file upload-v9.tsv (TSV, C-alpha atoms and all ligand atoms)
chain	number	residue	atom	x	y	z
A	1	MET	CA	97.23	108.45	139.75
A	2	THR	CA	96.52	112.07	139.01
A	3	ASP	CA	93.11	113.44	138.10
A	4	GLN	CA	94.49	114.79	134.82
A	5	THR	CA	92.90	113.65	131.59
A	6	ILE	CA	94.85	110.96	129.77
A	7	THR	CA	95.33	111.49	126.04
A	8	VAL	CA	96.62	108.88	123.60
A	9	SER	CA	98.62	110.31	120.69
A	10	ASP	CA	100.52	108.93	117.74
A	11	LEU	CA	104.21	109.53	118.52
A	12	ARG	CA	104.44	111.36	115.17
A	13	ASP	CA	102.10	114.00	116.62
A	14	ALA	CA	103.86	114.12	120.00
A	15	PRO	CA	107.54	113.52	119.15
A	16	HIS	CA	108.73	115.17	122.39
A	17	PHE	CA	107.78	111.86	124.08
A	18	PHE	CA	110.34	109.96	122.00
A	19	GLU	CA	112.88	109.86	124.84
A	20	PRO	CA	110.61	108.45	127.60
A	21	VAL	CA	109.10	105.92	125.17
A	22	ALA	CA	112.55	104.68	124.10
A	23	ASP	CA	113.72	104.66	127.73
A	24	ARG	CA	110.82	102.52	129.01
A	25	ILE	CA	110.96	100.01	126.12
A	26	TRP	CA	114.73	99.72	126.50
A	27	ARG	CA	114.63	99.22	130.28
A	28	ALA	CA	111.79	96.67	130.13
A	29	TRP	CA	112.89	94.47	127.23
A	30	TRP	CA	116.28	95.38	125.75
A	31	GLU	CA	118.62	96.47	128.54
A	32	PRO	CA	118.17	93.13	130.41
A	33	ASN	CA	119.45	91.40	127.24
A	34	GLY	CA	122.49	93.65	126.93
A	35	PHE	CA	121.36	95.91	124.09
A	36	PRO	CA	122.32	99.60	124.15
A	37	LEU	CA	119.62	102.29	124.25
A	38	GLU	CA	120.62	103.36	120.71
A	39	HIS	CA	119.38	100.02	119.40
A	40	ILE	CA	115.77	100.61	120.42
A	41	ALA	CA	116.02	104.32	119.55
A	42	GLU	CA	116.83	103.33	115.97
A	43	LEU	CA	113.90	100.91	115.78
A	44	LEU	CA	111.58	103.52	117.26
A	45	GLN	CA	112.73	106.13	114.73
A	46	GLU	CA	110.99	104.01	112.08
A	47	SER	CA	107.61	104.75	113.73
A	48	LEU	CA	108.09	108.43	113.00
A	49	SER	CA	108.22	108.30	109.23
A	50	ALA	CA	104.95	109.28	107.59
A	51	ASP	CA	104.55	106.15	105.45
A	52	ALA	CA	105.62	103.59	108.09
A	53	GLU	CA	103.39	100.57	108.75
A	54	GLN	CA	104.85	100.69	112.22
A	55	LEU	CA	103.01	102.81	114.78
A	56	CYS	CA	103.86	103.99	118.26
A	57	LEU	CA	101.15	105.32	120.55
A	58	VAL	CA	101.91	107.33	123.66
A	59	ALA	CA	99.54	107.93	126.57
A	60	HIS	CA	100.17	111.18	128.41
A	61	ALA	CA	98.69	113.46	131.04
A	62	GLY	CA	99.50	116.82	129.52
A	63	ASP	CA	103.28	116.79	129.25
A	64	ARG	CA	103.74	113.84	131.59
A	65	PHE	CA	104.51	110.49	129.99
A	66	VAL	CA	102.08	107.77	131.11
A	67	GLY	CA	102.53	104.79	128.82
A	68	THR	CA	103.02	103.39	125.36
A	69	ALA	CA	102.08	100.61	122.91
A	70	SER	CA	103.31	99.88	119.40
A	71	VAL	CA	102.23	98.12	116.24
A	72	ILE	CA	105.17	96.40	114.59
A	73	ALA	CA	105.60	94.00	111.67
A	74	SER	CA	107.03	91.07	113.59
A	75	ASP	CA	107.52	90.28	117.25
A	76	LEU	CA	108.07	86.56	117.61
A	77	GLU	CA	110.93	84.69	115.98
A	78	GLU	CA	108.94	81.44	116.13
A	79	ARG	CA	106.02	82.92	114.14
A	80	PRO	CA	107.62	84.85	111.25
A	81	ASP	CA	104.51	84.37	109.10
A	82	LEU	CA	102.25	86.39	111.40
A	83	THR	CA	101.96	90.16	111.01
A	84	PRO	CA	101.28	92.79	112.37
A	85	TRP	CA	101.72	92.66	116.16
A	86	VAL	CA	100.82	94.86	119.10
A	87	ALA	CA	103.98	95.02	121.20
A	88	ALA	CA	105.96	96.97	123.78
A	89	VAL	CA	102.95	97.71	125.98
A	90	TRP	CA	104.04	99.68	129.02
A	91	ILE	CA	102.25	101.85	131.61
A	92	ASP	CA	104.28	103.71	134.24
A	93	PRO	CA	103.56	102.18	137.69
A	94	PRO	CA	101.68	105.15	139.26
A	95	PHE	CA	99.13	104.98	136.45
A	96	ARG	CA	98.46	101.23	136.46
A	97	GLY	CA	95.11	99.59	137.31
A	98	ALA	CA	92.98	102.40	135.93
A	99	GLY	CA	92.22	100.99	132.50
A	100	ILE	CA	94.88	102.94	130.58
A	101	GLY	CA	96.81	99.81	129.56
A	102	GLY	CA	93.67	98.14	128.27
A	103	ASP	CA	92.69	101.26	126.39
A	104	ILE	CA	96.04	101.79	124.65
A	105	VAL	CA	96.27	98.09	123.69
A	106	LEU	CA	92.86	98.26	122.01
A	107	LYS	CA	93.68	101.55	120.29
A	108	ALA	CA	96.85	100.01	118.85
A	109	ALA	CA	94.98	96.87	117.73
A	110	HIS	CA	92.19	98.88	116.12
A	111	ALA	CA	94.71	101.11	114.33
A	112	ALA	CA	96.32	97.99	112.80
A	113	LEU	CA	92.94	96.55	111.75
A	114	ASP	CA	91.77	99.89	110.38
A	115	LYS	CA	94.86	99.95	108.17
A	116	GLY	CA	93.61	96.78	106.51
A	117	ALA	CA	95.08	93.85	108.47
A	118	GLU	CA	92.68	90.88	108.71
A	119	ALA	CA	94.11	90.05	112.12
A	120	VAL	CA	96.55	91.54	114.59
A	121	HIS	CA	98.65	89.41	116.94
A	122	LEU	CA	100.16	89.72	120.39
A	123	CYS	CA	102.40	87.54	122.54
A	124	ALA	CA	102.65	87.63	126.31
A	125	LEU	CA	103.76	85.71	129.37
A	126	THR	CA	100.97	83.59	130.85
A	127	GLY	CA	100.53	85.95	133.80
A	128	LYS	CA	98.91	88.47	131.45
A	129	ARG	CA	96.42	85.99	129.95
A	130	SER	CA	93.34	87.23	131.85
A	131	PHE	CA	94.22	90.85	131.07
A	132	TYR	CA	94.26	90.23	127.31
A	133	GLU	CA	91.33	87.79	127.23
A	134	ARG	CA	89.18	90.32	129.06
A	135	LEU	CA	90.00	92.82	126.33
A	136	GLY	CA	88.68	90.44	123.67
A	137	TRP	CA	91.95	88.89	122.46
A	138	ARG	CA	91.63	85.27	121.35
A	139	LEU	CA	94.19	82.83	122.75
A	140	ASP	CA	95.48	80.97	119.67
A	141	GLU	CA	98.53	79.20	121.10
A	142	ARG	CA	100.25	78.45	124.39
A	143	ASP	CA	103.84	77.55	125.30
A	144	VAL	CA	105.49	79.10	122.27
A	145	GLY	CA	109.27	79.39	122.38
A	146	GLU	CA	111.69	79.40	125.28
A	147	ASP	CA	109.55	81.81	127.29
A	148	ARG	CA	106.45	79.59	126.79
A	149	LEU	CA	104.47	82.56	125.54
A	150	ASP	CA	100.76	82.84	124.85
A	151	VAL	CA	99.96	84.02	121.32
A	152	PHE	CA	96.73	85.94	120.84
A	153	SER	CA	94.91	87.46	117.91
A	154	MET	CA	92.15	89.94	117.31
A	155	ARG	CA	90.25	89.93	114.03
A	156	ARG	CA	88.44	92.69	112.26
A	157	ALA	CA	85.03	91.12	112.89
A	158	GLU	CA	85.83	90.81	116.62
A	159	LYS	CA	86.80	94.45	117.03
B	201	LIG	C1	100.38	95.15	131.76
B	201	LIG	C2	100.19	96.66	131.89
B	201	LIG	C3	100.46	97.34	130.57
B	201	LIG	C4	98.73	96.90	132.31
B	201	LIG	O1	98.52	98.31	132.35
B	201	LIG	P1	97.32	98.93	133.23
B	201	LIG	O2	97.15	100.33	132.86
B	201	LIG	O3	97.56	98.60	134.65
B	201	LIG	O4	96.12	98.06	132.64
B	201	LIG	P2	94.60	98.17	133.04
B	201	LIG	O5	94.39	99.15	134.13
B	201	LIG	O6	93.83	98.31	131.78
B	201	LIG	O7	94.32	96.71	133.57
B	201	LIG	C5	95.14	96.19	134.63
B	201	LIG	C6	94.26	95.62	135.70
B	201	LIG	O8	93.53	96.67	136.31
B	201	LIG	C7	92.14	96.36	136.27
B	201	LIG	N1	91.43	97.61	136.01
B	201	LIG	C8	91.15	98.15	134.80
B	201	LIG	N2	90.45	99.28	134.94
B	201	LIG	C9	90.33	99.49	136.27
B	201	LIG	C10	89.75	100.51	137.04
B	201	LIG	N3	89.13	101.56	136.47
B	201	LIG	N4	89.83	100.42	138.39
B	201	LIG	C11	90.46	99.37	138.96
B	201	LIG	N5	91.03	98.36	138.27
B	201	LIG	C12	90.96	98.42	136.95
B	201	LIG	C13	91.99	95.39	135.13
B	201	LIG	O9	90.86	94.54	135.36
B	201	LIG	C14	93.27	94.63	135.18
B	201	LIG	O10	93.21	93.56	136.09
B	201	LIG	P3	94.15	92.26	135.91
B	201	LIG	O11	95.53	92.70	136.31
B	201	LIG	O12	93.57	91.28	136.84
B	201	LIG	O13	94.09	91.86	134.47
B	201	LIG	C15	101.10	97.26	133.01
B	201	LIG	O14	100.92	96.54	134.19
B	201	LIG	C16	102.58	97.26	132.64
B	201	LIG	O15	103.07	98.20	132.02
B	201	LIG	N6	103.31	96.20	133.05
B	201	LIG	C17	104.74	96.08	132.76
B	201	LIG	C18	105.00	95.80	131.28
B	201	LIG	C19	104.23	94.62	130.77
B	201	LIG	O16	104.12	93.56	131.41
B	201	LIG	N7	103.66	94.78	129.56
B	201	LIG	C20	102.89	93.75	128.89
B	201	LIG	C21	103.79	92.90	128.10
B	201	LIG	S1	102.83	91.61	127.31

call {"tool": "encode", "arguments": {"input": "upload-v9.tsv", "output": "structure tokens", "more": "lines below"}}
Ligand SMILES: CC(C)(COP(=O)(O)OP(=O)(O)OC[C@H]1O[C@@H](n2cnc3c(N)ncnc32)[C@H](O)[C@@H]1OP(=O)(O)O)[C@@H](O)C(=O)NCCC(=O)NCCS
result
Amino acid sequence: MTDQTITVSDLRDAPHFFEPVADRIWRAWWEPNGFPLEHIAELLQESLSADAEQLCLVAHAGDRFVGTASVIASDLEERPDLTPWVAAVWIDPPFRGAGIGGDIVLKAAHAALDKGAEAVHLCALTGKRSFYERLGWRLDERDVGEDRLDVFSMRRAEK
């Protein structure tokens, strides 16, 4: 960790972080499944348009990339009826364990609820259950899909 202040910005207001955001999301979730970087770059582009429902937040210490979280329309093939989702939550290793991940997850969830959603959803491997429950996410379902994911929600009243 550094002692620099961490700021969380909408990627629209800090577009110079586009490359590290795309890089981390790609390496964590898309590259292992054989997708090229351009695939996620295209999806991320959608977060930059002014009227997009989709949102990408970036945490940074000055000009240094720290982490990211997104709000997207759908994240889980098995639950196409649920929307929106907080997804692609990533904090660079040197910055972990200091509350930045929890903070950016809540900021993304609150942004989705403030835009009018009754509930926002999130899916995660079971190892992250305590992390999300501590943040106030409600565990709605377990063992969903091949990866046996937990599915959580946060409602406006629970914010
Ligand atoms: C999951 C992830 C985003 C968490 O980010 P983070 O910044 O470390 O998150 P936080 O610091 O808010 O919380 C992490 C832990 O540190 C603890 N913590 C929070 N603030 C703390 C502080 N000030 N001092 C010490 N520990 C603290 C939390 O209690 C939490 O403990 P837990 O692991 O037992 O749940 C990060 O580990 C990551 O990017 N992992 C790889 C990608 C990933 O798994 N993403 C989630 C997909 S669902």

call {"tool": "closest_residue", "arguments": {"input": "upload-v9.tsv", "among": "A:Arg129, A:Arg12, A:Arg142, A:His39", "to": "ligand LIG 201 (chain B)", "atoms": "only C-alpha atoms and all ligand atoms"}}
result
A:Arg129

call {"tool": "residues_near_point", "arguments": {"input": "upload-v9.tsv", "point": "(85.0, 96.7, 113.9)", "cutoff": "12 Å", "atoms": "only C-alpha atoms", "output": "list of chain:residue names"}}
result
A:Leu106, A:Lys107, A:Ala109, A:His110, A:Ala111, A:Ala112, A:Leu113, A:Asp114, A:Lys115, A:Gly116, A:Ala117, A:Glu118, A:Ala119, A:Met154, A:Arg155, A:Arg156, A:Ala157, A:Glu158, A:Lys159

call {"tool": "closest_residue", "arguments": {"input": "upload-v9.tsv", "among": "A:Ala124, A:Val66, A:Ile104, A:Ile72", "to": "ligand LIG 201 (chain B)", "atoms": "only C-alpha atoms and all ligand atoms"}}
result
A:Ala124

call {"tool": "closest_atom_pairs", "arguments": {"input": "upload-v9.tsv", "of": "chain A", "to": "ligand LIG 201 (chain B)", "cutoff": "12 Å", "atoms": "only C-alpha atoms and all ligand atoms", "output": "CSV"}}
result
residue,atom,partner,partner_atom,distance
A:Met1,CA,B:LIG201,O2,10.6
A:Ile6,CA,B:LIG201,O2,11.3
A:Val21,CA,B:LIG201,O15,12.0
A:Arg24,CA,B:LIG201,C18,9.2
A:Ile25,CA,B:LIG201,C18,8.9
A:Trp26,CA,B:LIG201,C18,11.5
A:Arg27,CA,B:LIG201,C18,10.3
A:Ala28,CA,B:LIG201,C18,6.9
A:Trp29,CA,B:LIG201,C18,9.0
A:Ala59,CA,B:LIG201,O2,10.2
A:Val66,CA,B:LIG201,O2,9.1
A:Gly67,CA,B:LIG201,O15,7.3
A:Thr68,CA,B:LIG201,C3,8.4
A:Ala69,CA,B:LIG201,C3,8.5
A:Ser70,CA,B:LIG201,C21,11.2
A:Asp75,CA,B:LIG201,S1,11.2
A:Trp85,CA,B:LIG201,S1,11.3
A:Val86,CA,B:LIG201,S1,9.1
A:Ala87,CA,B:LIG201,S1,7.1
A:Ala88,CA,B:LIG201,C21,6.3
A:Val89,CA,B:LIG201,N7,4.7
A:Trp90,CA,B:LIG201,O15,3.5
A:Ile91,CA,B:LIG201,O15,3.8
A:Asp92,CA,B:LIG201,O15,6.1
A:Pro93,CA,B:LIG201,O15,6.9
A:Pro94,CA,B:LIG201,O3,9.0
A:Phe95,CA,B:LIG201,O2,6.2
A:Arg96,CA,B:LIG201,O3,3.3
A:Gly97,CA,B:LIG201,O5,3.3
A:Ala98,CA,B:LIG201,C10,3.9
A:Gly99,CA,B:LIG201,O6,3.2
A:Ile100,CA,B:LIG201,O2,4.1
A:Gly101,CA,B:LIG201,O2,3.4
A:Gly102,CA,B:LIG201,O6,3.5
A:Asp103,CA,B:LIG201,O6,6.2
A:Ile104,CA,B:LIG201,O6,8.2
A:Val105,CA,B:LIG201,C3,8.1
A:Leu106,CA,B:LIG201,O6,9.8
A:Lys107,CA,B:LIG201,O6,11.9
A:His121,CA,B:LIG201,S1,11.4
A:Leu122,CA,B:LIG201,S1,7.7
A:Cys123,CA,B:LIG201,S1,6.3
A:Ala124,CA,B:LIG201,S1,4.1
A:Leu125,CA,B:LIG201,S1,6.3
A:Thr126,CA,B:LIG201,S1,9.0
A:Gly127,CA,B:LIG201,O16,8.7
A:Lys128,CA,B:LIG201,S1,6.5
A:Arg129,CA,B:LIG201,O13,7.8
A:Ser130,CA,B:LIG201,O13,5.4
A:Phe131,CA,B:LIG201,O13,3.5
A:Tyr132,CA,B:LIG201,O13,7.3
A:Glu133,CA,B:LIG201,O13,8.8
A:Arg134,CA,B:LIG201,O13,7.5
A:Leu135,CA,B:LIG201,O6,8.6
A:Asp147,CA,B:LIG201,S1,11.9
A:Leu149,CA,B:LIG201,S1,9.4
A:Asp150,CA,B:LIG201,S1,9.3
A:Val151,CA,B:LIG201,S1,10.1
A:Phe152,CA,B:LIG201,S1,10.5

call {"tool": "closest_residue", "arguments": {"input": "upload-v9.tsv", "among": "A:Arg79, A:Arg138, A:Arg64, A:Arg148", "to": "Pro20 in chain A", "atoms": "all atoms listed in the file"}}
result
A:Arg64

call {"tool": "atom_distance", "arguments": {"input": "upload-v9.tsv", "atom1": "CA of Asp23 in chain A", "atom2": "CA of Glu38 in chain A"}}
result
9.9 Å

call {"tool": "residues_around", "arguments": {"input": "upload-v9.tsv", "residues": "Ser9 in chain A", "least_positions_apart": "6", "cutoff": "8 Å", "atoms": "only C-alpha atoms", "output": "VMD selection string"}}
result
chain A and resid 57 to 60

call {"tool": "atom_distance", "arguments": {"input": "upload-v9.tsv", "atom1": "CA of His16 in chain A", "atom2": "CA of Phe65 in chain A"}}
result
9.9 Å

call {"tool": "atom_distance", "arguments": {"input": "upload-v9.tsv", "atom1": "CA of Glu141 in chain A", "atom2": "CA of Ser153 in chain A"}}
result
9.6 Å

call {"tool": "closest_residue", "arguments": {"input": "upload-v9.tsv", "among": "A:Val144, A:Thr7, A:Asp13, A:Pro32", "to": "Glu77 in chain A", "atoms": "all atoms listed in the file"}}
result
A:Val144

call {"tool": "closest_residue", "arguments": {"input": "upload-v9.tsv", "among": "A:Val120, A:Ala108, A:Phe35, A:Leu55", "to": "Pro84 in chain A", "atoms": "all atoms listed in the file"}}
result
A:Val120
